[in-house]
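Visitor: One file: protein10.txt (compact mmCIF, C-alpha atoms and all ligand atoms).
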# COMPACT_ATOMS: atom_id res chain seq x y z
CA MET A 1 -27.55 5.22 0.56
CA VAL A 2 -26.56 1.55 0.53
CA PRO A 3 -23.73 0.98 -1.93
CA GLU A 4 -24.28 -1.81 -4.41
CA GLY A 5 -22.95 -5.13 -3.23
CA ARG A 6 -22.82 -4.09 0.40
CA ASP A 7 -23.88 -6.76 2.83
CA PRO A 8 -26.46 -5.17 5.16
CA GLY A 9 -25.59 -7.83 7.72
CA ARG A 10 -21.93 -6.83 7.80
CA PRO A 11 -20.92 -6.51 11.46
CA LEU A 12 -20.06 -3.14 12.96
CA ILE A 13 -17.55 -4.63 15.35
CA ALA A 14 -14.99 -7.17 14.22
CA ASN A 15 -15.20 -10.30 16.34
CA GLU A 16 -12.16 -12.18 15.12
CA GLY A 17 -8.70 -11.62 13.69
CA PRO A 18 -6.33 -8.76 14.47
CA LEU A 19 -9.20 -6.25 14.48
CA ALA A 20 -11.31 -8.03 17.09
CA GLY A 21 -13.13 -5.48 19.23
CA TYR A 22 -12.70 -2.61 16.78
CA PRO A 23 -15.09 -1.12 14.24
CA ALA A 24 -15.20 -3.35 11.16
CA ALA A 25 -17.47 -1.18 9.08
CA VAL A 26 -19.52 1.93 9.53
CA ASP A 27 -22.11 2.68 6.86
CA ARG A 28 -21.25 6.37 6.89
CA TRP A 29 -17.58 5.68 6.13
CA ASP A 30 -18.65 3.65 3.10
CA ALA A 31 -21.09 6.35 1.98
CA VAL A 32 -18.47 9.08 2.26
CA ASP A 33 -15.96 6.97 0.32
CA ASP A 34 -18.64 6.64 -2.40
CA PHE A 35 -19.14 10.40 -2.31
CA ILE A 36 -15.39 10.93 -2.77
CA VAL A 37 -15.16 8.45 -5.65
CA ASP A 38 -18.16 9.99 -7.41
CA ASN A 39 -17.23 13.63 -6.94
CA PHE A 40 -13.53 13.36 -7.66
CA ASP A 41 -13.99 10.94 -10.52
CA LEU A 42 -11.84 8.24 -8.96
CA ASP A 43 -13.07 5.29 -10.98
CA ASP A 44 -12.68 4.41 -14.61
CA ASP A 45 -12.88 1.41 -16.97
CA VAL A 46 -9.25 0.40 -16.39
CA LEU A 47 -9.55 0.40 -12.59
CA ARG A 48 -12.91 -1.39 -12.72
CA ALA A 49 -11.47 -4.04 -15.05
CA ALA A 50 -8.51 -4.52 -12.71
CA VAL A 51 -10.79 -5.15 -9.73
CA LYS A 52 -13.04 -7.38 -11.81
CA ALA A 53 -10.07 -9.53 -12.89
CA SER A 54 -8.93 -9.77 -9.28
CA VAL A 55 -12.39 -10.89 -8.13
CA ALA A 56 -12.58 -13.39 -11.01
CA ALA A 57 -9.20 -14.83 -9.98
CA GLY A 58 -10.51 -15.31 -6.43
CA MET A 59 -7.98 -12.90 -4.94
CA PRO A 60 -8.56 -11.10 -1.62
CA GLN A 61 -10.13 -7.66 -2.06
CA ILE A 62 -7.58 -5.83 0.07
CA GLN A 63 -6.35 -3.25 -2.44
CA VAL A 64 -6.18 0.38 -1.33
CA SER A 65 -9.36 2.42 -1.61
CA ALA A 66 -9.74 4.64 -4.66
CA ALA A 67 -9.27 7.71 -2.47
CA LEU A 68 -6.00 6.34 -1.12
CA GLY A 69 -4.91 5.27 -4.60
CA ARG A 70 -5.48 8.81 -5.79
CA PHE A 71 -3.64 10.15 -2.76
CA LEU A 72 -0.59 8.00 -3.56
CA ASN A 73 -0.79 9.19 -7.17
CA LEU A 74 -0.87 12.84 -6.09
CA GLN A 75 2.02 12.37 -3.69
CA ALA A 76 4.14 10.79 -6.42
CA ARG A 77 3.33 13.67 -8.75
CA ALA A 78 3.94 16.27 -6.06
CA ILE A 79 7.50 15.02 -5.52
CA GLY A 80 8.05 14.51 -9.26
CA ALA A 81 8.79 10.82 -8.72
CA ARG A 82 10.59 9.13 -11.60
CA ARG A 83 11.33 5.84 -9.84
CA ILE A 84 8.80 4.18 -7.53
CA LEU A 85 9.18 0.92 -5.61
CA GLU A 86 6.11 -0.96 -4.41
CA ILE A 87 6.27 -3.90 -2.01
CA GLY A 88 3.08 -5.99 -2.31
CA THR A 89 1.44 -5.88 -5.75
CA LEU A 90 -1.71 -8.03 -5.41
CA ALA A 91 -3.64 -7.38 -8.66
CA GLY A 92 -1.83 -4.14 -9.43
CA TYR A 93 -4.60 -1.75 -8.36
CA SER A 94 -2.31 0.54 -6.35
CA SER A 95 0.39 -0.09 -8.98
CA ILE A 96 -1.87 1.48 -11.60
CA TRP A 97 -2.41 4.57 -9.46
CA LEU A 98 1.33 4.87 -8.81
CA ALA A 99 2.46 4.15 -12.39
CA ARG A 100 0.00 6.71 -13.71
CA ALA A 101 2.00 9.34 -11.82
CA LEU A 102 5.12 8.58 -13.87
CA SER A 103 6.30 10.20 -17.07
CA PRO A 104 6.98 7.76 -19.95
CA ASP A 105 10.65 7.51 -18.93
CA GLY A 106 9.72 6.73 -15.30
CA ARG A 107 9.75 3.30 -13.70
CA LEU A 108 7.64 1.41 -11.17
CA VAL A 109 9.11 -1.79 -9.76
CA THR A 110 6.52 -3.77 -7.81
CA LEU A 111 7.31 -6.87 -5.76
CA GLU A 112 4.92 -9.79 -5.31
CA LEU A 113 5.33 -13.20 -3.67
CA SER A 114 2.57 -14.98 -5.56
CA ALA A 115 3.14 -15.85 -9.23
CA LYS A 116 -0.62 -15.95 -9.68
CA HIS A 117 -1.12 -12.46 -8.26
CA ALA A 118 1.78 -11.21 -10.37
CA GLN A 119 0.23 -12.54 -13.55
CA VAL A 120 -3.13 -10.90 -12.85
CA ALA A 121 -1.25 -7.67 -12.07
CA ARG A 122 0.75 -7.84 -15.31
CA ASP A 123 -2.47 -8.30 -17.30
CA ASN A 124 -4.07 -5.38 -15.45
CA LEU A 125 -1.05 -3.14 -16.01
CA ALA A 126 -0.98 -4.07 -19.70
CA ARG A 127 -4.68 -3.23 -20.04
CA ALA A 128 -3.89 0.10 -18.39
CA GLY A 129 -1.19 0.74 -20.99
CA LEU A 130 1.42 0.80 -18.23
CA ASP A 131 3.40 -2.35 -19.01
CA ALA A 132 6.29 -0.30 -20.42
CA VAL A 133 6.80 1.62 -17.15
CA ALA A 134 5.78 -1.03 -14.61
CA GLU A 135 7.76 -4.18 -13.84
CA VAL A 136 6.37 -6.92 -11.58
CA ARG A 137 9.04 -9.04 -9.86
CA VAL A 138 7.96 -12.36 -8.35
CA GLY A 139 9.35 -13.84 -5.16
CA PRO A 140 9.70 -13.12 -1.44
CA ALA A 141 10.13 -9.36 -1.21
CA THR A 142 13.28 -9.65 0.91
CA GLU A 143 14.94 -11.59 -1.92
CA SER A 144 13.78 -9.16 -4.61
CA LEU A 145 14.95 -6.25 -2.47
CA ALA A 146 18.36 -7.85 -1.95
CA ALA A 147 18.58 -8.39 -5.71
CA LEU A 148 17.79 -4.71 -6.38
CA VAL A 149 20.56 -3.68 -3.97
CA ALA A 150 22.96 -6.16 -5.59
CA GLU A 151 22.09 -4.78 -9.04
CA GLY A 152 23.06 -1.34 -7.82
CA VAL A 153 19.87 0.25 -9.15
CA GLU A 154 19.37 4.02 -8.94
CA PRO A 155 17.69 5.07 -5.70
CA PHE A 156 13.91 5.21 -5.66
CA ASP A 157 12.11 8.52 -5.17
CA MET A 158 9.13 6.89 -3.45
CA VAL A 159 8.49 3.53 -1.80
CA PHE A 160 5.04 2.09 -1.00
CA ILE A 161 5.11 -0.75 1.54
CA ASP A 162 1.95 -2.91 1.50
CA ALA A 163 2.96 -6.61 1.63
CA ASP A 164 2.84 -9.07 4.57
CA LYS A 165 2.74 -7.12 7.80
CA GLU A 166 5.30 -9.32 9.58
CA GLY A 167 7.83 -8.24 6.97
CA TYR A 168 7.43 -4.47 7.39
CA PRO A 169 10.48 -3.99 9.67
CA ASP A 170 12.72 -5.74 7.10
CA TYR A 171 11.10 -3.86 4.24
CA LEU A 172 11.89 -0.57 5.94
CA GLU A 173 15.56 -1.48 6.27
CA TRP A 174 15.79 -2.54 2.63
CA SER A 175 13.86 0.53 1.50
CA LEU A 176 16.36 2.77 3.26
CA ARG A 177 19.17 1.04 1.38
CA LEU A 178 17.36 1.75 -1.89
CA ALA A 179 16.56 5.36 -0.97
CA ARG A 180 18.27 8.74 -1.05
CA ALA A 181 17.79 11.87 1.04
CA GLY A 182 14.34 13.11 0.09
CA THR A 183 12.82 9.72 -0.72
CA LEU A 184 9.24 9.38 0.52
CA ILE A 185 8.38 6.06 2.16
CA VAL A 186 4.66 5.35 2.58
CA ALA A 187 3.26 2.29 4.37
CA ASP A 188 -0.32 1.00 4.41
CA ASN A 189 -2.21 -0.61 7.29
CA VAL A 190 -0.21 0.76 10.20
CA VAL A 191 -3.17 1.22 12.60
CA ARG A 192 -5.24 -1.94 12.07
CA GLY A 193 -8.39 -0.82 13.83
CA GLY A 194 -6.31 0.57 16.69
CA ALA A 195 -4.83 -2.84 17.54
CA ILE A 196 -1.29 -1.44 17.24
CA ILE A 197 -1.45 0.32 20.60
CA GLU A 198 -1.76 -3.04 22.38
CA PRO A 199 1.74 -4.20 23.37
CA ASP A 200 0.68 -7.80 23.96
CA HIS A 201 -1.58 -8.24 20.95
CA ALA A 202 -1.53 -11.91 19.94
CA ASP A 203 -1.52 -11.35 16.17
CA SER A 204 1.91 -11.53 14.54
CA ARG A 205 0.81 -9.02 11.87
CA VAL A 206 -0.01 -6.48 14.56
CA GLN A 207 3.36 -7.14 16.19
CA GLY A 208 5.11 -6.65 12.83
CA ILE A 209 3.42 -3.30 12.38
CA ARG A 210 4.13 -2.31 15.98
CA ARG A 211 7.84 -2.93 15.42
CA PHE A 212 7.72 -1.03 12.12
CA ASN A 213 6.02 1.96 13.74
CA GLU A 214 8.59 1.96 16.55
CA MET A 215 11.39 1.94 14.00
CA LEU A 216 9.86 4.85 12.08
CA ALA A 217 9.39 6.79 15.29
CA SER A 218 12.91 6.27 16.60
CA ASP A 219 15.12 6.02 13.51
CA SER A 220 17.08 9.25 13.02
CA ARG A 221 17.36 8.49 9.29
CA VAL A 222 13.71 9.46 8.79
CA ALA A 223 11.13 12.03 9.85
CA ALA A 224 7.77 10.33 10.01
CA THR A 225 4.15 10.38 11.06
CA ILE A 226 1.01 8.27 10.89
CA MET A 227 -2.41 9.41 9.68
CA GLN A 228 -5.44 7.41 10.83
CA THR A 229 -7.95 6.63 8.12
CA VAL A 230 -11.53 5.42 7.91
CA GLY A 231 -13.47 4.46 4.83
CA ALA A 232 -14.72 1.53 2.78
CA LYS A 233 -11.70 -0.48 3.98
CA GLY A 234 -12.54 0.06 7.65
CA TYR A 235 -10.43 1.82 10.30
CA ASP A 236 -6.71 1.82 9.60
CA GLY A 237 -3.86 4.23 8.95
CA ILE A 238 -1.01 5.14 6.71
CA ALA A 239 2.57 6.05 7.61
CA PHE A 240 4.73 8.65 5.87
CA ALA A 241 8.47 8.85 6.28
CA LEU A 242 10.84 11.29 4.66
CA VAL A 243 14.41 10.04 4.33
CA LEU A 244 16.77 12.62 5.79
CA GLU A 245 20.11 13.95 4.60
CA ASN A 246 22.23 12.06 7.10
CA LYS A 247 21.33 8.39 6.72
CA ALA A 248 23.94 7.12 9.19
CA PRO A 249 22.13 4.98 11.79
N1 LIG A 301 -0.73 -2.88 -2.89
C1 LIG A 301 -1.88 -3.70 -3.29
C2 LIG A 301 -2.32 -4.62 -2.19
C3 LIG A 301 -1.26 -5.58 -1.70
S1 LIG A 301 -1.95 -6.88 -0.72
C4 LIG A 301 -3.02 -2.76 -3.68
O1 LIG A 301 -3.32 -1.84 -2.87
O2 LIG A 301 -3.60 -2.91 -4.76
C5 LIG A 301 -0.50 -7.66 -0.18
C6 LIG A 301 0.24 -8.47 -1.25
O3 LIG A 301 1.51 -8.80 -0.70
C7 LIG A 301 -0.45 -9.79 -1.62
O4 LIG A 301 -0.59 -9.88 -3.02
C8 LIG A 301 0.53 -10.85 -1.12
O5 LIG A 301 0.60 -12.00 -1.97
C9 LIG A 301 1.84 -10.10 -1.15
N2 LIG A 301 2.85 -10.68 -0.26
C10 LIG A 301 2.66 -11.35 0.90
N3 LIG A 301 3.83 -11.73 1.42
C11 LIG A 301 4.79 -11.29 0.57
C12 LIG A 301 6.21 -11.41 0.54
N4 LIG A 301 6.88 -12.05 1.51
N5 LIG A 301 6.87 -10.84 -0.49
C13 LIG A 301 6.19 -10.19 -1.47
N6 LIG A 301 4.86 -10.05 -1.50
C14 LIG A 301 4.16 -10.60 -0.49
C1 LIG A 302 -4.75 -6.96 4.56
C2 LIG A 302 -3.65 -6.49 3.86
C3 LIG A 302 -3.65 -5.22 3.35
O1 LIG A 302 -2.59 -4.70 2.70
C4 LIG A 302 -4.77 -4.40 3.51
O2 LIG A 302 -4.72 -3.15 2.98
C5 LIG A 302 -5.87 -4.87 4.19
C6 LIG A 302 -5.87 -6.16 4.70
C7 LIG A 302 -4.74 -8.34 5.10
O3 LIG A 302 -3.73 -9.04 4.91
O4 LIG A 302 -5.72 -8.72 5.73
MG MG A 303 -2.76 -2.62 2.40
Here is a file; write its structure as C-alpha cells.
Ligand code: SAH
Ligand code: DHB
Ligand code: MG

Guide:
Amino acid sequence: MVPEGRDPGRPLIANEGPLAGYPAAVDRWDAVDDFIVDNFDLDDDVLRAAVKASVAAGMPQIQVSAALGRFLNLQARAIGARRILEIGTLAGYSSIWLARALSPDGRLVTLELSAKHAQVARDNLARAGLDAVAEVRVGPATESLAALVAEGVEPFDMVFIDADKEGYPDYLEWSLRLARAGTLIVADNVVRGGAIIEPDHADSRVQGIRRFNEMLASDSRVAATIMQTVGAKGYDGIAFALVLENKAP
C-alpha cells in the first residue's frame, strides 16, 4: 500500500544532514504507521485542519506522528497531568494531543520562538476548542523558561521537550527547576537515525542531543530511558525521565 502523497522516489538512506548514512524512510514503517492511525482512529477533522494550516503556512512538517501524539496524550492522562509544559510548539499539533489530555481546569503552556508559528498554533488550538487551556508564549525558550521560574508558577506535572536540538541541555535544566518529584519529562528526537552514538558527529544538533542524553543518563535527579522509534517520521527515539524525590544535584 502506497500512502497518498508519498514520493515513490524518496531515498531509503539519507545522504545529507545529521542522518546521513542512516535509513531515511522504509515503506513498511510508513504502512504500519498508516495501519495504526486507521485502526486506533488517530486522525480527525481538527488534527487534519491543523496540519493543513501548517502546510499552507509553508511550515516544516516535523510534528510528531499521530501514534506518538496519542502516546503523549495517554501518558498525560495516565499520570493525571493538570499542568503540562511544551518546549517547541510549531503549529500546535502535539499541543492539541497534550491539551486534550487536560481537564477544563488544566493548563498547557507551550513555548515557541517564531511569532509566525505561534500564530498558526493559536489558530489551530482555537479551532480545536483548546484556547482556554492552552497558552502559546513567543520567544527564545530559555527566556520564556526563565520568566516562568521568575513568575513562581506551580510546578508542571509533565514536560515535553521538542524545540531546537542544541538547546536540549538547557531545556532539561530549566525543566527540572519547573518540576516536582514525580514530574515526567519526555523529549523527542533523541536518536536521530542512530547518529547520537557517534562522538565526533559534525552536526551541532546531534551534539546537543548527545549532551542531553548524557545528562539524563548521569543526573541523579532523574531516572530515565530512551525508546527507539521507527515510523512515518523515520528512525528516531524518545526519552523519558522521571524526576526523583531528592532533586539535589
Ligand atoms: N512539538 C511540535 C514540533 C516542534 S518543531 C509538534 O510535534 O507538533 C520545533 C519548534 O521549535 C519549531 O516551531 C521551532 O520554531 C521551535 N524553536 C526552535 N528554536 C527555538 C527556541 N530557541 N525557542 C523556542 N522554540 C524554538
Ligand atoms: C526536526 C525537528 C523535530 O522536532 C523533529 O521531530 C524532526 C525533525 C528538525 O529540526 O529537522
Ligand atoms: Mg520533534

Visitor: Let me have all residues with an atom within 9 Å of ligand LIG 301 (chain A), counting all atoms listed in the file, laid out as a VMD selection string.

Guide: chain A and resid 59 to 65 68 to 69 86 to 97 110 to 118 137 to 144 160 to 167 188

Visitor: Hey, which of A:Pro199, A:Gly106, A:Pro18, A:Gly152 ends up closest to ligand LIG 302 (chain A)? Count only C-alpha atoms and all ligand atoms.

Guide: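 Using only C-alpha atoms and all ligand atoms, the shortest distance to ligand LIG 302 (chain A) belongs to A:Pro18.
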
Visitor: Taking into account all atoms listed in the file, which residue in the set A:Tyr235, A:Phe40, A:Phe156, A:Phe35 is nearest to ligand MG 303 (chain A)?

Guide: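 Under the stated criterion, the closest residue is A:Tyr235.
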
Visitor: Leaving out Val222 in chain A and any residue of its chain fewer than 4 positions from it, which residues lie within 8 Å of it when counting only C-alpha atoms, given as an MDAnalysis selection string?

Guide: chainID A and resid 216 241:244 247

Visitor: So, with all atoms listed in the file as the atoms that count, which of A:Ala81, A:Ala181, A:Leu176, A:Leu108 lies closest to Asp219 in chain A?

Guide: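 For Asp219 in chain A, the nearest of the candidates is A:Leu176.
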
Visitor: Mind giving me the straight-line distance from CA of Arg77 in chain A to CA of Ala101 in chain A in Å, one decimal?

Guide: 5.5 Å

Visitor: I need the residue nearest ligand MG 303 (chain A) from this list: A:Trp174, A:Tyr22, A:Trp29, A:Tyr168. Use all atoms listed in the file for the distance.

Guide: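 When distances to ligand MG 303 (chain A) are compared using all atoms listed in the file, the smallest one comes from A:Tyr168.
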
Visitor: Could you tell me how far CA of Arg127 in chain A sits from CA of Ala56 in chain A, in Å to one decimal place?

Guide: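 Separating CA of Ala56 in chain A from CA of Arg127 in chain A is a distance of 15.7 Å.
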
Visitor: Taking N, CA, C and O atoms as the atom set, what does range 101-123 of chain A look like once completed, written as a tab-separated table (two decimals), in the frame of the given file?

Guide:
chain	number	residue	atom	x	y	z
A	101	ALA	N	1.35	8.09	-12.23
A	101	ALA	CA	2.00	9.34	-11.82
A	101	ALA	C	3.31	9.56	-12.57
A	101	ALA	O	3.89	10.65	-12.50
A	102	LEU	N	3.79	8.51	-13.26
A	102	LEU	CA	5.12	8.58	-13.87
A	102	LEU	C	5.07	9.12	-15.29
A	102	LEU	O	4.11	8.89	-16.02
A	103	SER	N	6.14	9.82	-15.67
A	103	SER	CA	6.30	10.20	-17.07
A	103	SER	C	6.74	8.94	-17.83
A	103	SER	O	7.14	7.95	-17.22
A	104	PRO	N	6.68	8.97	-19.17
A	104	PRO	CA	6.98	7.76	-19.95
A	104	PRO	C	8.38	7.19	-19.69
A	104	PRO	O	8.62	6.00	-19.88
A	105	ASP	N	9.31	8.04	-19.22
A	105	ASP	CA	10.65	7.51	-18.93
A	105	ASP	C	10.79	7.11	-17.45
A	105	ASP	O	11.89	6.78	-17.01
A	106	GLY	N	9.68	7.13	-16.71
A	106	GLY	CA	9.72	6.73	-15.30
A	106	GLY	C	9.65	5.22	-15.17
A	106	GLY	O	9.50	4.49	-16.16
A	107	ARG	N	9.76	4.75	-13.92
A	107	ARG	CA	9.75	3.30	-13.70
A	107	ARG	C	9.10	2.97	-12.36
A	107	ARG	O	9.42	3.57	-11.32
A	108	LEU	N	8.18	2.00	-12.39
A	108	LEU	CA	7.64	1.41	-11.17
A	108	LEU	C	8.13	-0.03	-11.11
A	108	LEU	O	7.94	-0.80	-12.05
A	109	VAL	N	8.77	-0.39	-10.01
A	109	VAL	CA	9.11	-1.79	-9.76
A	109	VAL	C	8.22	-2.24	-8.62
A	109	VAL	O	8.20	-1.62	-7.54
A	110	THR	N	7.44	-3.31	-8.84
A	110	THR	CA	6.52	-3.77	-7.81
A	110	THR	C	6.80	-5.23	-7.51
A	110	THR	O	7.00	-6.04	-8.42
A	111	LEU	N	6.85	-5.56	-6.22
A	111	LEU	CA	7.31	-6.87	-5.76
A	111	LEU	C	6.15	-7.70	-5.23
A	111	LEU	O	5.37	-7.23	-4.40
A	112	GLU	N	6.04	-8.94	-5.68
A	112	GLU	CA	4.92	-9.79	-5.31
A	112	GLU	C	5.39	-11.23	-5.10
A	112	GLU	O	6.10	-11.78	-5.93
A	113	LEU	N	4.96	-11.82	-3.99
A	113	LEU	CA	5.33	-13.20	-3.67
A	113	LEU	C	4.65	-14.20	-4.60
A	113	LEU	O	5.27	-15.15	-5.08
A	114	SER	N	3.37	-13.98	-4.85
A	114	SER	CA	2.57	-14.98	-5.56
A	114	SER	C	2.66	-14.81	-7.08
A	114	SER	O	2.35	-13.75	-7.63
A	115	ALA	N	3.06	-15.90	-7.76
A	115	ALA	CA	3.14	-15.85	-9.23
A	115	ALA	C	1.77	-15.61	-9.85
A	115	ALA	O	1.64	-14.93	-10.86
A	116	LYS	N	0.74	-16.14	-9.18
A	116	LYS	CA	-0.62	-15.95	-9.68
A	116	LYS	C	-1.03	-14.47	-9.58
A	116	LYS	O	-1.53	-13.89	-10.54
A	117	HIS	N	-0.80	-13.88	-8.41
A	117	HIS	CA	-1.12	-12.46	-8.26
A	117	HIS	C	-0.34	-11.63	-9.29
A	117	HIS	O	-0.89	-10.72	-9.91
A	118	ALA	N	0.94	-11.97	-9.44
A	118	ALA	CA	1.78	-11.21	-10.37
A	118	ALA	C	1.25	-11.26	-11.79
A	118	ALA	O	1.28	-10.26	-12.51
A	119	GLN	N	0.73	-12.42	-12.18
A	119	GLN	CA	0.23	-12.54	-13.55
A	119	GLN	C	-1.03	-11.70	-13.75
A	119	GLN	O	-1.18	-11.01	-14.77
A	120	VAL	N	-1.92	-11.73	-12.77
A	120	VAL	CA	-3.13	-10.90	-12.85
A	120	VAL	C	-2.71	-9.42	-12.91
A	120	VAL	O	-3.24	-8.63	-13.69
A	121	ALA	N	-1.72	-9.07	-12.10
A	121	ALA	CA	-1.25	-7.67	-12.07
A	121	ALA	C	-0.64	-7.27	-13.42
A	121	ALA	O	-0.90	-6.17	-13.92
A	122	ARG	N	0.15	-8.17	-14.00
A	122	ARG	CA	0.75	-7.84	-15.31
A	122	ARG	C	-0.34	-7.62	-16.36
A	122	ARG	O	-0.26	-6.68	-17.15
A	123	ASP	N	-1.36	-8.47	-16.34
A	123	ASP	CA	-2.47	-8.30	-17.30
A	123	ASP	C	-3.17	-6.96	-17.05
A	123	ASP	O	-3.51	-6.25	-18.00
